[in-house]
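Below is one structure, written out as structure tokens, with a few remarks after it.
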Amino acid sequence: MKSSQYLLATLREQPAEAEIASHGLMLRAGLVRRIGAGLYNWLPLGARVLSKVTAIIRQEMNAAGAHELVMPLVQPAELWQQSGRWDSSGPELARLQDRHHRDYCLAPTHEEVITALARQELTSYRQLPINLYQIQTKFRDEIRPRFGVMRAREFMMMDSYSFHTNQASLEQTYQDMYDCYGRILQRMGLEYRVVEADSGNIGGQVSHEFQVLSGVGEDILVVGDGSDYVANIERAACLSPKARVVGIAEDLQKVATPEAKSIDSVSALLGVAAAKTVKTLALRGTEGSIVAVVLRGDHSLNLSKIGRRDEIASPVELVDADELKQQLGLPAGFIGPCGLKIPLLVDHSAAHLTNFVCGANEEGYHLTGVNWGRDAEATATGDFRNITEGELCSDGLSRARFVRGIEVGHIFQLGDKYSTAMAARVLDDKGRQKALIMGCYGIGVSRMVAAFIEQNHDDKGILWSPTLCPFEVVLLPLNFGRSQVVRNAADSLYRQLINAGVEVLMDDRDERPGVKFTDSELIGIPYSVVIGDRNLAA
Ligand code: ATP
Ligand code: MG
């Protein structure tokens, strides 16, 4: 649902496709096969693992009082128009038409459909709270599907939705789901952290992500060194600087900076630190406007934070050089806040600068000695940037350190965003019509399998835990084709284990022992029994 990962690439190198061990292992061990970009077949071994994961999820969700249902993958556009997300969703929402030219989308998530269902079925507070879940296919036309099933276009999700008449009841179920997700991840044997998260296009104010720690994760988590602060960088608030340093204001000067279009080249040319420069980004605003966002030169834009501003169009989009030139006559690479005739959203730390350097809004020139108030005026200031490593976290107690995580689960307190937009109301205990209060909760079932393998493998193969292994025992009869003794012993042991309820796989291929051993280590079945003429005799 977010494109910030691509901007985050500038924060820290993104893991390369080749670094993802899990994908290679899933292919080599015969768990999955690719059939198109972001589209996978789950082969029998993989399907067995998936069903173990879904069994754990079902047990825990049922135990937490949720009820399973199944909703359609193809959803009428009308519902998405009612919620407002038909327009606010970007191209990752796959839209299609039926033979009657009616519009539909492929479900990237199910808030609209469940709210429409709740609107029909729920009439009274007496039916609440209720928590409904499904384990189902989602489709998101991801801009860059990669890492196999980790970021696929079609993937399996367990999503649930809870309905309430008041915030306290929502908070109770939210806590139940928080605990339930923790139990699911623990039973799967994943090492994870729960982090404060951004709600993105799903909506609501409070949300947490369940992040599996892994060097190849796509998310950057901000961890407080020495405190228990942990947040997704999308969410991690930056403390605003203390009062502005008041010094002598320098004169404003226009200096020639031909070819210097980047912060690095400007600061090298003028011999000033990037932190004493500002960069001005032009973003698409609402109603066809263009809005400038000003950051300190050494900082990067946080798409989630800026995306929450009313002035900014959703999804967040940079205005390209051609349009800037045509619409505003501005030269990309030389834009600055002085004399700009569009709204200026200035990040706190840029607003704090004095005597700084910025583009002169003229090809080949920058301004030095720039001061707010005298030379430029912010329309609004706020926290629009990514926190940097080493700075104070918003708890005020610890310094930020970055670690990487794979997001496997995300829970949201939605409030009444969908129920108000879609008129889903019930009668409360005083007989008044009230918009339903909602929560929604999602776990990436297929991604979780890849995340487990990422954390549990060695150079020989996957290291399944007894809870997730596709089979518990593999029988490795040697010389199976030729030795009647081996064949009889293997067949009999196979039947005994099946009868005892053990999940057993028999490697009855006519392969050399070495091949069988290598493959069984690659697949990573916890126990193997080698049956050969020699050890049978012994
Ligand atoms: P991401 O930030 O990774 O794109 P998201 O925040 O958009 O994910 P949610 O809308 O929170 O995802 O969906 C719930 C869960 O579905 C995620 O926590 C993740 O485990 C899983 N998921 C989301 N997108 C994908 C995908 N493209 N492939 C596999 N699993 C996914
Ligand atoms: Mg999410």
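Ligands are numbered from 1 in the order shown, chains are lettered A, B, ... in the order of the structure tokens, and residues start at 1 in each chain.
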**Q.** Residues within 10 Å of Gln253 of chain A, only C-alpha atoms, excluding chain neighbours under 3 positions, as a ChimeraX atom specification
**A.** /A:250,256,357,360,366-370
Write a file of the selected residues as a PDB file, in the first residue's frame, keeping all heavy atoms.
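Saved the output as out.pdb:
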```pdb
ATOM      1  N   GLU A 250      22.982  37.394   7.846  1.00  0.00           N
ATOM      2  CA  GLU A 250      23.853  37.792   6.731  1.00  0.00           C
ATOM      3  C   GLU A 250      23.014  38.427   5.626  1.00  0.00           C
ATOM      4  O   GLU A 250      21.792  38.295   5.618  1.00  0.00           O
ATOM      5  CB  GLU A 250      24.562  36.551   6.164  1.00  0.00           C
ATOM      6  CG  GLU A 250      25.558  35.933   7.123  1.00  0.00           C
ATOM      7  CD  GLU A 250      25.993  34.538   6.663  1.00  0.00           C
ATOM      8  OE1 GLU A 250      25.653  34.135   5.531  1.00  0.00           O
ATOM      9  OE2 GLU A 250      26.677  33.865   7.471  1.00  0.00           O
ATOM     10  N   ALA A 256      26.313  32.134  -8.541  1.00  0.00           N
ATOM     11  CA  ALA A 256      26.217  31.242  -9.703  1.00  0.00           C
ATOM     12  C   ALA A 256      26.641  29.839  -9.296  1.00  0.00           C
ATOM     13  O   ALA A 256      27.692  29.652  -8.681  1.00  0.00           O
ATOM     14  CB  ALA A 256      27.108  31.761 -10.824  1.00  0.00           C
ATOM     15  N   VAL A 357      21.391  28.117   2.655  1.00  0.00           N
ATOM     16  CA  VAL A 357      21.529  28.137   1.193  1.00  0.00           C
ATOM     17  C   VAL A 357      20.305  27.457   0.577  1.00  0.00           C
ATOM     18  O   VAL A 357      19.855  26.430   1.087  1.00  0.00           O
ATOM     19  CB  VAL A 357      22.799  27.359   0.771  1.00  0.00           C
ATOM     20  CG1 VAL A 357      22.890  27.234  -0.754  1.00  0.00           C
ATOM     21  CG2 VAL A 357      24.051  28.036   1.324  1.00  0.00           C
ATOM     22  N   ALA A 360      17.648  29.446  -6.214  1.00  0.00           N
ATOM     23  CA  ALA A 360      17.215  30.832  -6.438  1.00  0.00           C
ATOM     24  C   ALA A 360      16.003  30.907  -7.353  1.00  0.00           C
ATOM     25  O   ALA A 360      15.593  31.994  -7.752  1.00  0.00           O
ATOM     26  CB  ALA A 360      18.372  31.633  -7.018  1.00  0.00           C
ATOM     27  N   HIS A 366      21.962  29.809  -6.946  1.00  0.00           N
ATOM     28  CA  HIS A 366      21.470  29.563  -5.587  1.00  0.00           C
ATOM     29  C   HIS A 366      21.554  30.862  -4.786  1.00  0.00           C
ATOM     30  O   HIS A 366      22.232  31.799  -5.191  1.00  0.00           O
ATOM     31  CB  HIS A 366      22.290  28.457  -4.897  1.00  0.00           C
ATOM     32  CG  HIS A 366      21.819  27.077  -5.256  1.00  0.00           C
ATOM     33  ND1 HIS A 366      22.127  26.480  -6.445  1.00  0.00           N
ATOM     34  CD2 HIS A 366      21.041  26.182  -4.577  1.00  0.00           C
ATOM     35  CE1 HIS A 366      21.566  25.271  -6.492  1.00  0.00           C
ATOM     36  NE2 HIS A 366      20.901  25.072  -5.372  1.00  0.00           N
ATOM     37  N   LEU A 367      20.849  30.884  -3.656  1.00  0.00           N
ATOM     38  CA  LEU A 367      20.923  32.033  -2.741  1.00  0.00           C
ATOM     39  C   LEU A 367      21.667  31.611  -1.486  1.00  0.00           C
ATOM     40  O   LEU A 367      21.509  30.488  -1.011  1.00  0.00           O
ATOM     41  CB  LEU A 367      19.509  32.495  -2.354  1.00  0.00           C
ATOM     42  CG  LEU A 367      18.604  32.959  -3.497  1.00  0.00           C
ATOM     43  CD1 LEU A 367      17.189  33.233  -2.968  1.00  0.00           C
ATOM     44  CD2 LEU A 367      19.178  34.206  -4.174  1.00  0.00           C
ATOM     45  N   THR A 368      22.462  32.510  -0.926  1.00  0.00           N
ATOM     46  CA  THR A 368      23.110  32.248   0.366  1.00  0.00           C
ATOM     47  C   THR A 368      22.651  33.322   1.349  1.00  0.00           C
ATOM     48  O   THR A 368      22.131  34.365   0.945  1.00  0.00           O
ATOM     49  CB  THR A 368      24.657  32.270   0.261  1.00  0.00           C
ATOM     50  OG1 THR A 368      25.054  33.607  -0.099  1.00  0.00           O
ATOM     51  CG2 THR A 368      25.171  31.287  -0.772  1.00  0.00           C
ATOM     52  N   GLY A 369      22.852  33.050   2.646  1.00  0.00           N
ATOM     53  CA  GLY A 369      22.457  34.026   3.678  1.00  0.00           C
ATOM     54  C   GLY A 369      20.951  34.175   3.784  1.00  0.00           C
ATOM     55  O   GLY A 369      20.437  35.238   4.141  1.00  0.00           O
ATOM     56  N   VAL A 370      20.208  33.118   3.471  1.00  0.00           N
ATOM     57  CA  VAL A 370      18.746  33.199   3.484  1.00  0.00           C
ATOM     58  C   VAL A 370      18.216  33.062   4.918  1.00  0.00           C
ATOM     59  O   VAL A 370      18.730  32.264   5.704  1.00  0.00           O
ATOM     60  CB  VAL A 370      18.121  32.089   2.604  1.00  0.00           C
ATOM     61  CG1 VAL A 370      16.615  32.271   2.482  1.00  0.00           C
ATOM     62  CG2 VAL A 370      18.791  32.036   1.237  1.00  0.00           C
TER      63      VAL A 370
END
```
Taking only residues of chain A that have an atom at most 7 Å from an atom of ligand 1, what is each one's shortest atom pair and its distance in Å to one decimal, using only C-alpha atoms and all ligand atoms, in chain and number order, as a tab-separated table?
```
residue	atom	partner	partner_atom_place_in_ligand_line	distance
A:Met1	CA	ligand 1	7 (O)	3.7
A:Lys2	CA	ligand 1	4 (O)	5.8
A:Thr109	CA	ligand 1	10 (O)	6.9
A:Arg140	CA	ligand 1	27 (N)	6.3
A:Glu142	CA	ligand 1	27 (N)	6.2
A:Pro145	CA	ligand 1	27 (N)	6.8
A:Val149	CA	ligand 1	29 (C)	5.9
A:Met150	CA	ligand 1	29 (C)	5.0
A:Arg151	CA	ligand 1	28 (N)	3.6
A:Ala152	CA	ligand 1	28 (N)	4.1
A:Arg153	CA	ligand 1	27 (N)	5.2
A:Glu154	CA	ligand 1	28 (N)	6.9
A:Phe155	CA	ligand 1	29 (C)	5.2
A:Met156	CA	ligand 1	30 (N)	6.9
A:Met157	CA	ligand 1	16 (O)	5.7
A:Ile202	CA	ligand 1	10 (O)	6.9
A:Glu209	CA	ligand 1	18 (O)	6.9
A:Glu407	CA	ligand 1	18 (O)	4.9
A:Val408	CA	ligand 1	20 (O)	3.4
A:Gly409	CA	ligand 1	18 (O)	3.7
A:His410	CA	ligand 1	18 (O)	4.8
A:Gly442	CA	ligand 1	14 (C)	4.4
A:Ile443	CA	ligand 1	15 (C)	4.7
A:Gly444	CA	ligand 1	20 (O)	3.3
A:Val445	CA	ligand 1	20 (O)	6.9
A:Ser446	CA	ligand 1	29 (C)	6.3
A:Arg447	CA	ligand 1	30 (N)	4.8
A:Met448	CA	ligand 1	20 (O)	6.8
```
**Q.** Nearest to Trp464 of chain A, chosen from A:Gly439, A:Gly189, A:Gly247, A:Pro513, with only C-alpha atoms counted in the distances
**A.** A:Gly189
Q) Of the residues A:Leu303, A:Cys358, A:Leu283, A:Leu397, which is the one nearest to Val255 of chain A, using only C-alpha atoms? A) A:Cys358
Q | Backbone DSSP call of helix (DSSP H, G or I) for segment 309-477 of chain A, listed as a PyMOL selection string | A | chain A and resi 321-328+348-351+417-421+445-455
Q) Quick one: residues within 7 Å of Val294 of chain A, only C-alpha atoms counted, chain neighbours fewer than 3 positions away excluded, as a ChimeraX atom specification? A) /A:278-281,345-347,350
Q | Among the residues A:Asn41, A:Thr381, A:Asn355, A:Arg374, the one that comes closest to Ile248 of chain A [using only C-alpha atoms] | A |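 Once distances to Ile248 of chain A are computed over only C-alpha atoms, the minimum belongs to A:Asn355.
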Q. Could you state the separation of atom CA of Tyr133 of chain A and atom CA of Glu196 of chain A in Å, given to one decimal place?
A.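 Here the two named atoms are 22.8 Å from each other.
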When you look at Glu317 of chain A with a cut-off of 10 Å (counting only C-alpha atoms), what residues show up, excluding the ones that are within fewer than 4 positions of it in the same chain? I need them as a PDB file with C-alpha atoms, in the first residue's frame.
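Generated output (result_16.pdb):
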```
ATOM      1  CA  SER A   3       5.587   3.578  -2.206  1.00  0.00           C
ATOM      2  CA  ALA A 282       7.329  20.033  -5.517  1.00  0.00           C
ATOM      3  CA  LEU A 283       4.478  17.658  -4.709  1.00  0.00           C
ATOM      4  CA  ARG A 284       1.093  17.239  -6.301  1.00  0.00           C
ATOM      5  CA  GLY A 285      -1.496  19.064  -4.171  1.00  0.00           C
ATOM      6  CA  LEU A 303       5.938  10.046   2.501  1.00  0.00           C
ATOM      7  CA  GLY A 307       0.720  12.160   2.956  1.00  0.00           C
ATOM      8  CA  ILE A 312      -1.240  16.928  -0.453  1.00  0.00           C
ATOM      9  CA  ALA A 313      -2.889  14.663  -3.018  1.00  0.00           C
TER      10      ALA A 313
END
```
Just want the 9 Å neighbourhood of segment 497-505 of chain A, counted on only C-alpha atoms, with same-chain residues fewer than 5 positions away dropped. Output as an mmCIF file with N, CA, C and O atoms, in the first residue's frame.
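To be explicit, this is the file written out as out_34.cif:
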```
data_model
loop_
_atom_site.group_PDB
_atom_site.id
_atom_site.type_symbol
_atom_site.label_atom_id
_atom_site.label_comp_id
_atom_site.auth_asym_id
_atom_site.auth_seq_id
_atom_site.Cartn_x
_atom_site.Cartn_y
_atom_site.Cartn_z
ATOM 1 N N PRO A 470 6.917 -29.438 6.447
ATOM 2 C CA PRO A 470 5.944 -30.057 5.532
ATOM 3 C C PRO A 470 5.697 -31.522 5.891
ATOM 4 O O PRO A 470 4.594 -32.030 5.711
ATOM 5 N N PHE A 471 6.727 -32.206 6.351
ATOM 6 C CA PHE A 471 6.612 -33.573 6.872
ATOM 7 C C PHE A 471 7.466 -33.640 8.136
ATOM 8 O O PHE A 471 8.449 -32.925 8.258
ATOM 9 N N GLU A 472 7.079 -34.556 9.040
ATOM 10 C CA GLU A 472 7.874 -34.688 10.265
ATOM 11 C C GLU A 472 9.076 -35.603 10.051
ATOM 12 O O GLU A 472 10.136 -35.415 10.646
ATOM 13 N N VAL A 473 8.870 -36.626 9.237
ATOM 14 C CA VAL A 473 9.915 -37.633 9.045
ATOM 15 C C VAL A 473 10.063 -37.922 7.553
ATOM 16 O O VAL A 473 9.062 -37.975 6.835
ATOM 17 N N VAL A 474 11.298 -38.075 7.112
ATOM 18 C CA VAL A 474 11.504 -38.545 5.744
ATOM 19 C C VAL A 474 12.232 -39.893 5.801
ATOM 20 O O VAL A 474 13.184 -40.056 6.559
ATOM 21 N N LEU A 475 11.719 -40.844 5.046
ATOM 22 C CA LEU A 475 12.388 -42.149 4.956
ATOM 23 C C LEU A 475 13.304 -42.132 3.741
ATOM 24 O O LEU A 475 12.878 -41.749 2.642
ATOM 25 N N LEU A 476 14.546 -42.526 3.973
ATOM 26 C CA LEU A 476 15.522 -42.518 2.879
ATOM 27 C C LEU A 476 16.001 -43.947 2.619
ATOM 28 O O LEU A 476 17.078 -44.341 3.088
ATOM 29 N N SER A 492 7.033 -51.087 5.264
ATOM 30 C CA SER A 492 6.416 -51.416 6.543
ATOM 31 C C SER A 492 6.558 -50.255 7.539
ATOM 32 O O SER A 492 5.605 -49.893 8.240
#
```
Q: Write out as an MDAnalysis selection string each polymer residue whose atoms come within 12 Å of Leu324 of chain A, counting only C-alpha atoms; drop sequence neighbours fewer than 3 positions from it.
A: chainID A and resid 281:284 289:292 318:321 327:335 342 361
(Q) Which residues are close to Ala29 of chain A, i.e. within 9 Å by only C-alpha atoms, leaving aside same-chain residues fewer than 2 positions away? Reply as a list in words. (A) Gly24, Leu25, Met26, Leu27, Leu31, Val32, Leu45, Gly46, Gly461, Ile462, Asp519, Ser520, Leu522, Ile523 and Gly524 of chain A
Q. Out of segment 303-459 of chain A, which residues get strand (DSSP E or B) from DSSP, as a PyMOL selection string?
A. chain A and resi 312+318+344-347+356-359+365-370+372+376+380-382+385+392+399-415+425-427+433-435+437-444+457-458
Q: Record the distance separating atom CA of Cys180 of chain A and atom CA of Leu132 of chain A, expressed in Å with one decimal.
A: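 Result for atom CA of Cys180 of chain A versus atom CA of Leu132 of chain A: 14.1 Å, one decimal.
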Q: May I ask which of the residues A:Ala16, A:Ala197, A:Val212, A:Val486 is the closest one to ligand 2, counting only C-alpha atoms and all ligand atoms?
A: A:Ala197
